[in-house]
file target-v5.txt (compact mmCIF, C-alpha atoms)
# COMPACT_ATOMS: atom_id res chain seq x y z
CA MET A 47 -172.29 75.60 -13.25
CA ARG A 48 -172.58 74.30 -9.67
CA ILE A 49 -175.73 72.36 -10.51
CA ALA A 50 -174.14 70.91 -13.64
CA ILE A 51 -171.16 69.67 -11.61
CA LEU A 52 -173.43 68.17 -8.97
CA LEU A 53 -175.42 66.30 -11.61
CA ALA A 54 -172.26 64.96 -13.25
CA LEU A 55 -170.95 63.81 -9.87
CA ALA A 56 -174.25 62.10 -9.05
CA ALA A 57 -174.15 60.36 -12.40
CA ILE A 58 -170.59 59.11 -11.83
CA VAL A 59 -171.60 57.64 -8.48
CA ALA A 60 -174.73 55.92 -9.81
CA TYR A 61 -173.18 54.68 -13.05
CA SER A 62 -170.20 53.07 -11.32
CA SER A 63 -172.06 51.53 -8.39
CA ASN A 64 -173.04 48.29 -10.14
CA LEU A 65 -169.33 47.30 -10.24
CA VAL A 66 -170.00 45.54 -13.57
CA LEU A 67 -167.18 45.20 -16.09
CA THR A 68 -168.07 44.04 -19.58
CA VAL A 69 -166.08 43.38 -22.75
CA GLU A 70 -168.45 43.99 -25.62
CA ALA A 71 -167.85 43.50 -29.34
CA ASN A 72 -169.35 46.88 -30.29
CA ALA A 73 -167.16 48.71 -27.79
CA THR A 74 -163.73 47.08 -28.13
CA PRO A 75 -163.12 48.24 -31.75
CA ASN A 76 -163.02 51.83 -30.51
CA VAL A 77 -160.03 51.03 -28.28
CA LEU A 78 -158.33 48.62 -30.68
CA THR A 79 -158.60 50.97 -33.66
CA ALA A 80 -156.91 53.74 -31.68
CA ALA A 81 -154.18 51.28 -30.69
CA SER A 82 -153.70 50.17 -34.30
CA TRP A 83 -153.33 53.76 -35.49
CA ILE A 84 -150.70 54.37 -32.82
CA ALA A 85 -148.70 51.16 -33.14
CA GLN A 86 -148.93 50.39 -36.86
CA GLY A 87 -150.28 53.48 -38.56
CA ASN A 88 -153.21 51.62 -40.11
CA ALA A 89 -156.82 50.82 -39.27
CA ASP A 90 -156.89 47.05 -39.75
CA LEU A 91 -157.20 44.89 -36.66
CA ASP A 92 -155.45 41.79 -38.00
CA GLU A 93 -153.12 41.74 -35.00
CA TYR A 94 -156.05 41.56 -32.55
CA VAL A 95 -157.99 38.69 -34.12
CA GLY A 96 -158.56 36.04 -31.46
CA ARG A 97 -157.36 38.27 -28.66
CA ALA A 98 -160.55 40.24 -28.08
CA PRO A 99 -164.09 40.15 -29.47
CA PHE A 100 -165.03 42.89 -31.93
CA THR A 101 -167.46 43.49 -34.75
CA GLU A 102 -165.57 43.12 -38.01
CA GLN A 103 -165.66 43.33 -41.77
CA ILE A 104 -163.21 41.73 -44.20
CA VAL A 105 -161.82 43.99 -46.92
CA ASP A 106 -159.03 42.88 -49.28
CA GLY A 107 -158.10 40.06 -46.92
CA HIS A 108 -157.75 42.30 -43.87
CA VAL A 109 -159.96 42.58 -40.80
CA TYR A 110 -161.42 46.03 -40.12
CA PRO A 111 -163.84 47.34 -37.50
CA ALA A 112 -167.43 47.87 -38.61
CA ASN A 113 -167.70 50.92 -36.37
CA PRO A 114 -167.34 54.50 -37.61
CA PRO A 115 -163.98 55.93 -36.45
CA GLY A 116 -165.12 58.88 -34.36
CA THR A 117 -164.89 57.28 -30.93
CA ALA A 118 -161.46 55.83 -31.70
CA LEU A 119 -160.24 59.35 -32.50
CA LEU A 120 -161.23 60.51 -29.01
CA LEU A 121 -159.38 57.61 -27.40
CA VAL A 122 -156.03 58.07 -29.13
CA THR A 123 -154.41 60.04 -26.30
CA PRO A 124 -155.42 57.84 -23.31
CA VAL A 125 -154.71 54.66 -25.28
CA ALA A 126 -151.30 56.04 -26.27
CA VAL A 127 -150.53 56.76 -22.62
CA ALA A 128 -151.54 53.23 -21.65
CA MET A 129 -149.39 51.72 -24.40
CA ALA A 130 -146.43 53.88 -23.38
CA ALA A 131 -146.82 52.51 -19.84
CA GLY A 132 -146.49 48.98 -21.21
CA ILE A 133 -150.13 47.98 -20.76
CA ASP A 134 -151.58 45.37 -23.10
CA VAL A 135 -154.55 47.35 -24.40
CA ALA A 136 -156.05 44.23 -26.00
CA SER A 137 -156.27 42.41 -22.69
CA TRP A 138 -159.75 41.77 -21.37
CA GLU A 139 -158.80 43.43 -18.09
CA PHE A 140 -157.83 46.70 -19.76
CA LEU A 141 -160.77 46.67 -22.16
CA GLY A 142 -163.19 46.10 -19.29
CA VAL A 143 -161.78 48.66 -16.84
CA PHE A 144 -160.80 51.37 -19.33
CA GLY A 145 -164.02 51.02 -21.29
CA LYS A 146 -166.09 51.35 -18.12
CA ILE A 147 -164.24 54.46 -16.94
CA ALA A 148 -164.40 56.11 -20.36
CA GLY A 149 -168.10 55.29 -20.71
CA ILE A 150 -168.91 56.71 -17.28
CA LEU A 151 -167.00 59.93 -17.91
CA ALA A 152 -168.50 60.53 -21.36
CA ALA A 153 -172.06 59.90 -20.15
CA SER A 154 -171.65 61.93 -16.96
CA VAL A 155 -170.22 64.97 -18.72
CA SER A 156 -173.06 64.75 -21.23
CA VAL A 157 -175.46 65.07 -18.28
CA ALA A 158 -173.77 68.32 -17.26
CA PHE A 159 -174.03 69.79 -20.75
CA VAL A 160 -177.66 68.67 -21.12
CA TYR A 161 -178.43 70.65 -17.97
CA LEU A 162 -176.47 73.67 -19.18
CA ALA A 163 -178.22 73.61 -22.55
CA CYS A 164 -181.66 73.31 -20.96
CA ALA A 165 -180.85 76.04 -18.44
CA ARG A 166 -180.24 78.47 -21.29
CA LEU A 167 -183.79 77.88 -22.51
CA THR A 168 -185.61 77.62 -19.18
CA ARG A 169 -185.37 78.42 -15.50
CA PRO A 170 -183.06 76.21 -13.38
CA MET A 171 -185.75 73.86 -12.03
CA PRO A 172 -187.18 72.67 -15.38
CA ALA A 173 -183.62 72.25 -16.66
CA LEU A 174 -182.67 70.22 -13.59
CA ILE A 175 -185.71 67.95 -13.87
CA ALA A 176 -185.00 67.32 -17.56
CA ALA A 177 -181.32 66.56 -16.88
CA VAL A 178 -182.20 64.18 -14.01
CA GLY A 179 -184.63 62.34 -16.27
CA TYR A 180 -181.99 62.16 -19.00
CA ALA A 181 -179.32 60.89 -16.59
CA PHE A 182 -181.28 58.30 -14.63
CA GLY A 183 -184.44 57.52 -16.59
CA THR A 184 -182.99 56.57 -19.97
CA THR A 185 -180.42 54.26 -21.54
CA VAL A 186 -177.72 56.79 -20.67
CA TRP A 187 -177.44 54.84 -17.41
CA THR A 188 -177.83 51.28 -18.69
CA VAL A 189 -176.05 51.54 -22.05
CA SER A 190 -173.97 54.67 -22.60
CA ALA A 191 -172.28 54.64 -19.20
CA GLN A 192 -171.48 50.93 -19.04
CA GLN A 193 -168.81 50.74 -21.76
CA ILE A 194 -167.15 53.00 -24.31
CA TRP A 195 -169.79 52.36 -26.94
CA MET A 196 -170.42 55.06 -29.53
CA HIS A 197 -173.50 56.30 -27.67
CA GLY A 198 -171.91 58.11 -24.73
CA PRO A 199 -169.39 60.18 -26.73
CA ALA A 200 -172.03 60.99 -29.36
CA GLN A 201 -174.44 62.19 -26.67
CA LEU A 202 -171.66 64.21 -25.09
CA PHE A 203 -170.85 66.11 -28.26
CA MET A 204 -174.51 66.53 -29.16
CA ALA A 205 -175.19 68.02 -25.73
CA LEU A 206 -172.13 70.26 -26.05
CA GLY A 207 -173.26 71.38 -29.49
CA LEU A 208 -176.74 72.21 -28.23
CA PHE A 209 -175.26 74.20 -25.35
CA LEU A 210 -173.03 76.18 -27.71
CA LEU A 211 -175.96 76.91 -30.00
CA VAL A 212 -178.29 78.10 -27.27
CA ARG A 213 -175.72 80.10 -25.28
CA GLY A 214 -176.23 83.80 -25.85
CA ARG A 215 -176.68 84.34 -29.57
CA GLY A 216 -175.03 81.02 -30.28
CA SER A 217 -171.50 79.96 -31.11
CA PRO A 218 -170.32 78.66 -34.50
CA ARG A 219 -168.06 76.24 -32.64
CA ALA A 220 -171.19 74.12 -32.26
CA GLY A 221 -170.43 73.01 -35.82
CA LEU A 222 -167.32 71.19 -34.58
CA ALA A 223 -169.15 69.55 -31.65
CA LEU A 224 -172.07 68.34 -33.76
CA GLY A 225 -169.70 67.35 -36.55
CA LEU A 226 -167.82 65.12 -34.11
CA ALA A 227 -171.14 63.65 -32.93
CA ALA A 228 -171.85 62.72 -36.56
CA ALA A 229 -168.37 61.25 -36.97
CA ILE A 230 -169.15 58.99 -34.00
CA ARG A 231 -172.77 58.14 -34.91
CA PRO A 232 -173.48 59.10 -38.54
CA VAL A 233 -177.22 59.44 -37.90
CA ASP A 234 -176.36 62.42 -35.69
CA ALA A 235 -175.70 64.34 -38.88
CA LEU A 236 -179.41 65.09 -38.57
CA ALA A 237 -178.69 66.99 -35.36
CA ALA A 238 -175.88 68.81 -37.16
CA ALA A 239 -178.38 69.75 -39.89
CA ALA A 240 -180.77 71.09 -37.26
CA GLY A 241 -177.84 73.04 -35.85
CA PHE A 242 -177.33 74.59 -39.28
CA LEU A 243 -180.94 75.80 -39.27
CA ILE A 244 -180.33 77.47 -35.92
CA ALA A 245 -177.00 78.94 -37.08
CA ARG A 246 -178.63 80.27 -40.25
CA ARG A 247 -181.34 81.98 -38.25
CA ARG A 248 -178.70 83.51 -35.98
CA ARG A 249 -176.57 84.65 -38.93
CA PHE A 250 -173.44 82.53 -38.48
CA ALA A 251 -174.21 79.63 -40.84
CA ALA A 252 -170.97 80.00 -42.83
CA ARG A 253 -168.81 79.97 -39.70
CA TYR A 254 -170.81 77.04 -38.33
CA LEU A 255 -170.05 75.03 -41.47
CA ALA A 256 -166.38 76.05 -41.32
CA TRP A 257 -166.10 74.74 -37.77
CA GLY A 258 -167.69 71.48 -38.90
CA LEU A 259 -165.19 70.93 -41.71
CA PRO A 260 -162.49 69.23 -39.54
CA ALA A 261 -164.92 66.42 -38.65
CA VAL A 262 -165.89 66.01 -42.31
CA ALA A 263 -162.23 66.06 -43.36
CA PHE A 264 -161.35 63.43 -40.78
CA LEU A 265 -164.10 61.08 -41.97
CA ALA A 266 -163.22 61.60 -45.64
CA THR A 267 -159.52 61.00 -44.98
CA TYR A 268 -160.21 57.87 -42.94
CA TYR A 269 -162.43 56.25 -45.57
CA LEU A 270 -160.22 57.25 -48.49
CA ILE A 271 -157.05 55.89 -46.89
CA THR A 272 -158.63 52.80 -45.35
CA PHE A 273 -161.18 51.75 -47.98
CA ARG A 274 -160.34 54.03 -50.94
CA GLY A 275 -163.86 55.45 -50.79
CA PRO A 276 -167.12 55.70 -48.82
CA ARG A 277 -168.34 52.67 -46.94
CA ASP A 278 -171.49 51.68 -45.07
CA SER A 279 -170.99 52.94 -41.53
CA TYR A 280 -173.41 50.41 -40.07
CA GLY A 281 -171.78 47.22 -41.32
CA GLY A 282 -174.34 46.29 -43.96
CA VAL A 283 -177.46 46.63 -41.79
CA PRO A 284 -180.48 45.82 -44.02
CA TRP A 285 -183.11 48.52 -44.57
CA PHE A 286 -186.75 47.75 -45.28
CA PHE A 287 -189.89 49.52 -46.42
CA PRO A 288 -192.39 49.91 -44.88
CA PRO A 289 -190.25 50.58 -41.81
CA PRO A 290 -190.44 47.54 -39.50
CA GLY A 291 -189.51 49.46 -36.37
CA TRP A 292 -191.84 52.43 -36.60
CA LEU A 293 -193.99 51.14 -33.74
CA GLY A 294 -191.50 48.78 -32.12
CA LEU A 295 -189.03 51.55 -31.25
CA LEU A 296 -191.78 53.36 -29.37
CA ILE A 297 -194.15 50.88 -27.75
CA SER A 298 -192.95 47.27 -28.12
CA PRO A 299 -192.95 45.61 -24.66
CA SER A 300 -189.20 44.85 -24.69
CA ARG A 301 -187.77 47.67 -26.83
CA GLY A 302 -190.25 50.54 -26.71
CA LEU A 303 -188.94 53.96 -25.71
CA PHE A 304 -192.22 54.81 -23.99
CA VAL A 305 -192.18 51.50 -22.12
CA TYR A 306 -188.73 51.99 -20.60
CA SER A 307 -188.83 55.80 -20.39
CA PRO A 308 -192.52 56.81 -20.46
CA PHE A 309 -191.76 60.23 -18.92
CA LEU A 310 -190.41 61.19 -22.37
CA LEU A 311 -194.01 61.42 -23.55
CA PHE A 312 -193.90 64.81 -21.83
CA ALA A 313 -190.89 65.71 -23.99
CA VAL A 314 -192.93 64.93 -27.08
CA ALA A 315 -195.66 67.14 -25.67
CA GLY A 316 -193.03 69.86 -25.37
CA PHE A 317 -192.24 69.53 -29.07
CA VAL A 318 -195.93 69.85 -29.89
CA ILE A 319 -196.24 72.96 -27.70
CA ALA A 320 -193.23 74.51 -29.46
CA TRP A 321 -194.87 74.07 -32.85
CA ARG A 322 -198.16 75.52 -31.61
CA ARG A 323 -196.73 78.53 -29.77
CA ARG A 324 -195.69 81.82 -31.32
CA SER A 325 -192.29 81.85 -32.94
CA ASP A 326 -190.16 83.11 -30.05
CA ASP A 327 -186.49 82.14 -29.99
CA ALA A 328 -186.87 79.27 -27.50
CA SER A 329 -189.78 77.76 -29.41
CA LEU A 330 -187.89 77.93 -32.70
CA PHE A 331 -184.90 76.23 -31.09
CA VAL A 332 -187.05 73.41 -29.72
CA ARG A 333 -188.79 73.03 -33.08
CA ASP A 334 -185.43 72.43 -34.78
CA ALA A 335 -184.49 69.95 -32.05
CA SER A 336 -187.77 68.11 -32.63
CA LEU A 337 -187.00 67.76 -36.35
CA ALA A 338 -183.65 66.15 -35.54
CA ALA A 339 -185.23 63.80 -32.98
CA LEU A 340 -187.93 62.78 -35.44
CA GLY A 341 -185.35 62.20 -38.16
CA ILE A 342 -183.22 59.97 -35.92
CA TYR A 343 -186.26 57.91 -34.99
CA LEU A 344 -187.31 57.55 -38.64
CA VAL A 345 -183.85 56.42 -39.76
CA TYR A 346 -183.72 53.64 -37.19
CA SER A 347 -187.30 52.61 -37.86
CA PHE A 348 -186.18 51.46 -41.32
CA PHE A 349 -183.50 49.16 -39.86
CA GLY A 350 -184.25 45.48 -40.28
CA VAL A 351 -182.60 44.92 -36.89
CA TRP A 352 -184.39 47.80 -35.18
CA MET A 353 -184.20 45.87 -31.87
CA GLY A 354 -180.60 47.00 -31.52
CA GLY A 355 -179.01 43.65 -30.68
CA TRP A 356 -177.92 42.72 -27.17
CA ALA A 357 -178.78 45.82 -25.18
CA TYR A 358 -181.21 46.94 -22.53
CA GLY A 359 -184.15 48.94 -23.82
CA THR A 360 -184.22 51.16 -26.88
CA ARG A 361 -180.52 51.54 -27.64
CA TYR A 362 -180.92 53.15 -31.04
CA VAL A 363 -183.09 56.01 -29.84
CA SER A 364 -180.32 56.93 -27.39
CA ASP A 365 -179.04 59.28 -30.08
CA ALA A 366 -182.13 61.49 -29.67
CA GLN A 367 -182.13 61.70 -25.88
CA PRO A 368 -180.32 65.08 -25.48
CA LEU A 369 -182.87 66.52 -27.91
CA LEU A 370 -185.75 65.00 -25.95
CA ALA A 371 -184.35 66.51 -22.75
CA LEU A 372 -184.64 69.94 -24.33
CA GLY A 373 -188.25 69.22 -25.22
CA LEU A 374 -189.00 68.13 -21.66
CA ALA A 375 -187.43 71.21 -20.07
CA TYR A 376 -189.33 73.43 -22.49
CA ALA A 377 -192.63 71.64 -21.72
CA ILE A 378 -192.18 72.15 -17.98
CA GLU A 379 -191.21 75.79 -18.48
CA ARG A 380 -194.35 76.38 -20.57
CA GLY A 381 -196.63 75.05 -17.83
CA LEU A 382 -197.27 71.47 -18.82
CA LEU A 383 -197.06 70.36 -15.19
CA THR A 384 -199.30 73.10 -13.82
CA HIS A 385 -202.21 70.78 -13.07
CA LEU A 386 -202.06 68.16 -10.32
CA VAL A 387 -202.99 65.31 -12.66
CA ALA A 388 -200.08 66.14 -14.97
CA ARG A 389 -197.69 66.35 -12.03
CA VAL A 390 -198.77 63.00 -10.65
CA GLY A 391 -198.57 61.39 -14.10
CA PHE A 392 -195.11 62.80 -14.67
CA ALA A 393 -193.88 61.70 -11.23
CA ILE A 394 -195.17 58.16 -11.74
CA THR A 395 -193.66 57.79 -15.22
CA LEU A 396 -190.32 59.27 -14.14
CA LEU A 397 -190.09 57.00 -11.08
CA TRP A 398 -190.93 53.98 -13.24
CA SER A 399 -188.24 54.97 -15.75
CA VAL A 400 -185.58 55.44 -13.08
CA PHE A 401 -186.55 52.16 -11.42
CA LEU A 402 -186.25 50.21 -14.68
CA GLU A 403 -182.88 51.79 -15.51
CA TYR A 404 -181.60 51.09 -12.01
CA ALA A 405 -182.62 47.46 -12.36
CA GLY A 406 -181.13 47.19 -15.83
CA ALA A 407 -177.80 48.66 -14.76
CA GLY A 408 -177.58 46.23 -11.86
CA TRP A 409 -178.90 42.96 -13.27
CA TYR A 410 -179.19 43.04 -17.06
CA PHE A 411 -175.59 42.00 -17.71
CA PHE A 412 -175.81 38.66 -15.88
CA PHE A 413 -177.13 35.26 -16.88
CA TRP A 414 -179.63 33.88 -14.40
CA ASN A 415 -180.16 30.12 -14.10
CA GLY A 416 -178.39 29.75 -17.44
CA TYR A 417 -180.79 32.17 -19.16
CA HIS A 418 -180.40 35.66 -20.55
CA TRP A 419 -183.27 37.37 -22.33
CA ASP A 420 -181.19 38.72 -25.24
CA VAL A 421 -178.84 35.77 -25.63
CA THR A 422 -180.84 32.56 -25.04
CA PRO A 423 -182.32 32.62 -27.61
CA ASN A 424 -180.49 35.28 -29.63
CA ILE A 425 -182.72 38.34 -30.06
CA ASP A 426 -181.06 39.04 -33.43
CA GLU A 427 -182.65 35.84 -34.71
CA THR A 428 -185.93 36.04 -32.75
CA GLY A 429 -186.97 39.66 -33.13
CA TYR A 430 -190.64 38.76 -32.72
CA ARG A 431 -189.96 38.32 -28.99
CA ALA A 432 -189.73 42.10 -28.63
CA TRP A 433 -193.54 42.06 -28.86
CA ASP A 434 -194.13 39.21 -26.40
CA ILE A 435 -195.99 40.70 -23.43
CA THR A 436 -195.69 37.48 -21.41
CA ASP A 437 -191.87 37.46 -21.37
CA THR A 438 -190.46 40.97 -21.47
CA GLN A 439 -186.84 41.92 -21.15
CA TRP A 440 -187.48 44.26 -18.24
CA GLY A 441 -189.65 41.61 -16.59
CA PHE A 442 -186.78 39.13 -16.74
CA VAL A 443 -184.45 41.70 -15.17
CA LEU A 444 -186.90 42.53 -12.39
CA ARG A 445 -187.48 38.85 -11.59
CA HIS A 446 -183.73 38.35 -11.41
CA MET A 447 -183.31 41.39 -9.16
CA VAL A 448 -186.00 40.24 -6.71
CA ALA A 449 -185.33 36.49 -6.69
CA ASP A 450 -181.53 36.55 -6.79
CA PRO A 451 -180.13 40.02 -6.03
CA GLY A 452 -176.70 38.63 -5.20
CA THR A 453 -173.85 40.93 -4.27
CA THR A 454 -175.03 43.63 -6.66
CA LEU A 455 -177.83 44.88 -4.41
CA VAL A 456 -175.77 46.56 -1.68
CA PRO A 457 -173.42 48.65 -3.85
CA THR A 458 -176.21 49.72 -6.22
CA LEU A 459 -178.45 50.79 -3.33
CA ILE A 460 -175.60 52.73 -1.74
CA GLY A 461 -174.75 54.32 -5.08
CA ALA A 462 -178.36 55.26 -5.72
CA ALA A 463 -178.71 56.75 -2.25
CA VAL A 464 -175.54 58.83 -2.54
CA ALA A 465 -176.50 59.97 -6.04
CA GLY A 466 -179.95 60.89 -4.71
CA LEU A 467 -178.45 63.04 -1.96
CA ILE A 468 -176.25 64.85 -4.47
CA VAL A 469 -179.21 65.45 -6.77
CA TRP A 470 -181.16 66.79 -3.78
CA ARG A 471 -178.40 69.35 -3.26
CA GLY A 472 -178.83 70.27 -6.88
CA PHE A 473 -182.57 70.76 -6.35
CA ALA A 474 -181.86 73.04 -3.39
CA SER A 475 -179.48 75.12 -5.51
CA ALA A 476 -182.00 75.32 -8.35
CA ARG A 477 -184.73 76.43 -5.95
CA ARG A 478 -182.53 79.20 -4.55
CA GLN A 479 -181.60 80.37 -8.03
CA GLN A 480 -185.25 80.54 -9.06
CA GLN A 481 -186.06 82.55 -5.94
CA VAL A 482 -183.29 85.00 -6.82
CA ILE A 483 -184.61 85.25 -10.38
CA ALA A 484 -188.16 85.86 -9.10
CA VAL A 485 -187.01 88.58 -6.66
CA SER A 486 -184.94 90.24 -9.38
CA ALA A 487 -187.91 90.21 -11.77
CA THR A 488 -190.13 91.73 -9.06
CA HIS A 489 -187.64 94.53 -8.41
CA GLN A 490 -187.38 95.27 -12.12
CA LEU A 491 -191.17 95.51 -12.40
CA GLY A 492 -191.30 97.78 -9.38
CA ALA A 493 -188.61 100.03 -10.80
CA SER A 494 -190.22 100.36 -14.21
CA PRO A 495 -192.26 103.51 -14.91
CA SER A 496 -196.00 103.16 -14.47
call {"tool": "encode", "arguments": {"input": "target-v5.txt", "output": "structure tokens"}}
result
Amino acid sequence: MRIAILLALAAIVAYSSNLVLTVEANATPNVLTAASWIAQGNADLDEYVGRAPFTEQIVDGHVYPANPPGTALLLVTPVAVAMAAGIDVASWEFLGVFGKIAGILAASVSVAFVYLACARLTRPMPALIAAVGYAFGTTVWTVSAQQIWMHGPAQLFMALGLFLLVRGRGSPRAGLALGLAAAIRPVDALAAAAGFLIARRRRFAARYLAWGLPAVAFLATYYLITFRGPRDSYGGVPWFFPPPGWLGLLISPSRGLFVYSPFLLFAVAGFVIAWRRRSDDASLFVRDASLAALGIYLVYSFFGVWMGGWAYGTRYVSDAQPLLALGLAYAIERGLLTHLVARVGFAITLLWSVFLEYAGAGWYFFFWNGYHWDVTPNIDETGYRAWDITDTQWGFVLRHMVADPGTTLVPTLIGAAVAGLIVWRGFASARRQQQVIAVSATHQLGASPS
């Protein structure tokens, strides 16, 4: 638990150090919907039109959020407290500050549970490395932690669900955690399905489903009351066949997962190892995780707007990142980094990933000389630019960081340094724990009959 707390603390420091406050149309509906439930007992946002930007859909003459309602459910209590204190929760100041704090907390706690889940499958050091990569080498830093989008809470409950499943013989309460993840990001129902496979193998499938029923009941009640039936949770996003994003989500210069976070190639290798190894409990668990990760990737690859709108890197594949962390920890545990070449390759790709995410967190959110890669021109209307190797999104951010670092440089460097020191303490703790485990194993071997 000490290492998990240290990692969460390091994440809080790093995520907050850019001092950037944003008000984003895919984040504000989560706050405003909670406020509408509290103040008016309904889900329409008519009263907030013109006061704050938010993604919307018009139904029967009323304005509703396009977002699924899961994140709003989590925010009811803090939003109610703010409203009781007389705060205007639709003000840009509140939306910026509250959204940032909530995003940081959700993402940071998810880091802790990713470590705890990995540590149940592996020794402390592989789990720590995987959690550090998850925290600082992926869009958890640049997207999930920067506002109260759906990504951070979904990753939190997915990580919690994985931890509950892998702890001991597993806990059926994982059904509630993964059910809530699906209520936040419907595609995470694939992770809940993988959880069912694990629960079935561990003989608590019925209880797992029972624990998941509250999340299903909440979604059903919301859609029945609000829209009198099911509704597209992604606001009418067009789907195409063949899938237009099947390569773009992975290797496109400005949206590819393995461009921004190439160290995750080792996580994929971990999935492959799990399928090739004998069917021990850890391997079976990682196999199920790989199925969920593959399913999430396939769903988004069919999206006509697979680029993910205005966001840094591969936002959509964020949903699979806790699963990929498990694959990475498993790969390290099974000896993938035994050889020097593999270690050097992993170190280079991880450092590159952390460097890009650091730069994105510090400089992506600003226009520079009147230009922003996603906005001018709009990436939603010029998706072909995701493949332009001469003008990449990360290249624009790096040029901005070097040529005009502004006031962002000092706090982000201090935050990164402090976070690095905290992570180093975590490494020291993990090393000591592994030494204790090794000594204990040696004593047990010595005590066993010859």
call {"tool": "residues_around", "arguments": {"input": "target-v5.txt", "residues": "segment 409-419 of chain A", "least_positions_apart": "4", "cutoff": "10 Å", "atoms": "all atoms listed in the file", "output": "compact mmCIF listing (two decimals) with C-alpha atoms, keeping the file's coordinate frame"}}
result
# COMPACT_ATOMS: atom_id res chain seq x y z
CA ASN A 64 -173.04 48.29 -10.14
CA VAL A 66 -170.00 45.54 -13.57
CA LEU A 67 -167.18 45.20 -16.09
CA THR A 68 -168.07 44.04 -19.58
CA THR A 188 -177.83 51.28 -18.69
CA GLN A 192 -171.48 50.93 -19.04
CA SER A 300 -189.20 44.85 -24.69
CA TRP A 356 -177.92 42.72 -27.17
CA ALA A 357 -178.78 45.82 -25.18
CA TYR A 358 -181.21 46.94 -22.53
CA GLU A 403 -182.88 51.79 -15.51
CA TYR A 404 -181.60 51.09 -12.01
CA ALA A 405 -182.62 47.46 -12.36
CA PRO A 423 -182.32 32.62 -27.61
CA ASN A 424 -180.49 35.28 -29.63
CA ILE A 425 -182.72 38.34 -30.06
CA ARG A 431 -189.96 38.32 -28.99
CA ASP A 437 -191.87 37.46 -21.37
CA THR A 438 -190.46 40.97 -21.47
CA GLN A 439 -186.84 41.92 -21.15
CA TRP A 440 -187.48 44.26 -18.24
CA GLY A 441 -189.65 41.61 -16.59
CA PHE A 442 -186.78 39.13 -16.74
CA VAL A 443 -184.45 41.70 -15.17
CA LEU A 444 -186.90 42.53 -12.39
CA ARG A 445 -187.48 38.85 -11.59
CA HIS A 446 -183.73 38.35 -11.41
CA MET A 447 -183.31 41.39 -9.16
CA ALA A 449 -185.33 36.49 -6.69
CA ASP A 450 -181.53 36.55 -6.79
CA PRO A 451 -180.13 40.02 -6.03
CA GLY A 452 -176.70 38.63 -5.20
CA THR A 454 -175.03 43.63 -6.66
CA LEU A 455 -177.83 44.88 -4.41
call {"tool": "atom_distance", "arguments": {"input": "target-v5.txt", "atom1": "atom CA of Tyr269 of chain A", "atom2": "atom CA of Ala89 of chain A"}}
result
10.0 Å
call {"tool": "residues_around", "arguments": {"input": "target-v5.txt", "residues": "Gly359 of chain A", "least_positions_apart": "6", "cutoff": "12 Å", "atoms": "only C-alpha atoms", "output": "PyMOL selection string"}}
result
chain A and resi 183-190+294-308+352-353+399+402-403+405-407+410+419-420+432+438-441+443
call {"tool": "atom_distance", "arguments": {"input": "target-v5.txt", "atom1": "atom CA of Ala148 of chain A", "atom2": "atom CA of Tyr362 of chain A"}}
result
19.9 Å
call {"tool": "atom_distance", "arguments": {"input": "target-v5.txt", "atom1": "atom CA of Val283 of chain A", "atom2": "atom CA of Gly207 of chain A"}}
result
28.0 Å
call {"tool": "closest_atom_pairs", "arguments": {"input": "target-v5.txt", "of": "segment 115-186 of chain A", "to": "segment 255-264 of chain A", "cutoff": "12 Å", "atoms": "all atoms listed in the file", "output": "CSV"}}
result
residue,atom,partner,partner_atom,distance
A:Pro115,CA,A:Phe264,CA,9.1
A:Gly116,CA,A:Ala261,CA,8.7
A:Thr117,CA,A:Ala261,CA,12.0
A:Ala118,CA,A:Phe264,CA,11.8
A:Leu119,CA,A:Phe264,CA,9.3
A:Leu120,CA,A:Ala261,CA,11.9
call {"tool": "closest_atom_pairs", "arguments": {"input": "target-v5.txt", "of": "segment 333-390 of chain A", "to": "segment 152-162 of chain A", "cutoff": "9 Å", "atoms": "only C-alpha atoms", "output": "tab-separated table"}}
result
residue	atom	partner	partner_atom	distance
A:Pro368	CA	A:Val160	CA	6.2
A:Leu369	CA	A:Val160	CA	8.8
A:Ala371	CA	A:Val160	CA	7.2
A:Leu372	CA	A:Val160	CA	7.8
call {"tool": "residues_around", "arguments": {"input": "target-v5.txt", "residues": "Leu370 of chain A", "least_positions_apart": "2", "cutoff": "9 Å", "atoms": "only C-alpha atoms", "output": "PDB file with C-alpha atoms, in the coordinates of the input"}}
result
ATOM      1  CA  ALA A 176    -185.000  67.320 -17.560  1.00  0.00           C
ATOM      2  CA  TYR A 180    -181.990  62.160 -19.000  1.00  0.00           C
ATOM      3  CA  LEU A 310    -190.410  61.190 -22.370  1.00  0.00           C
ATOM      4  CA  ALA A 313    -190.890  65.710 -23.990  1.00  0.00           C
ATOM      5  CA  VAL A 314    -192.930  64.930 -27.080  1.00  0.00           C
ATOM      6  CA  GLY A 316    -193.030  69.860 -25.370  1.00  0.00           C
ATOM      7  CA  PHE A 317    -192.240  69.530 -29.070  1.00  0.00           C
ATOM      8  CA  ALA A 335    -184.490  69.950 -32.050  1.00  0.00           C
ATOM      9  CA  SER A 336    -187.770  68.110 -32.630  1.00  0.00           C
ATOM     10  CA  ALA A 339    -185.230  63.800 -32.980  1.00  0.00           C
ATOM     11  CA  ALA A 366    -182.130  61.490 -29.670  1.00  0.00           C
ATOM     12  CA  GLN A 367    -182.130  61.700 -25.880  1.00  0.00           C
ATOM     13  CA  PRO A 368    -180.320  65.080 -25.480  1.00  0.00           C
ATOM     14  CA  LEU A 372    -184.640  69.940 -24.330  1.00  0.00           C
ATOM     15  CA  GLY A 373    -188.250  69.220 -25.220  1.00  0.00           C
ATOM     16  CA  LEU A 374    -189.000  68.130 -21.660  1.00  0.00           C
ATOM     17  CA  ALA A 375    -187.430  71.210 -20.070  1.00  0.00           C
TER      18      ALA A 375
END
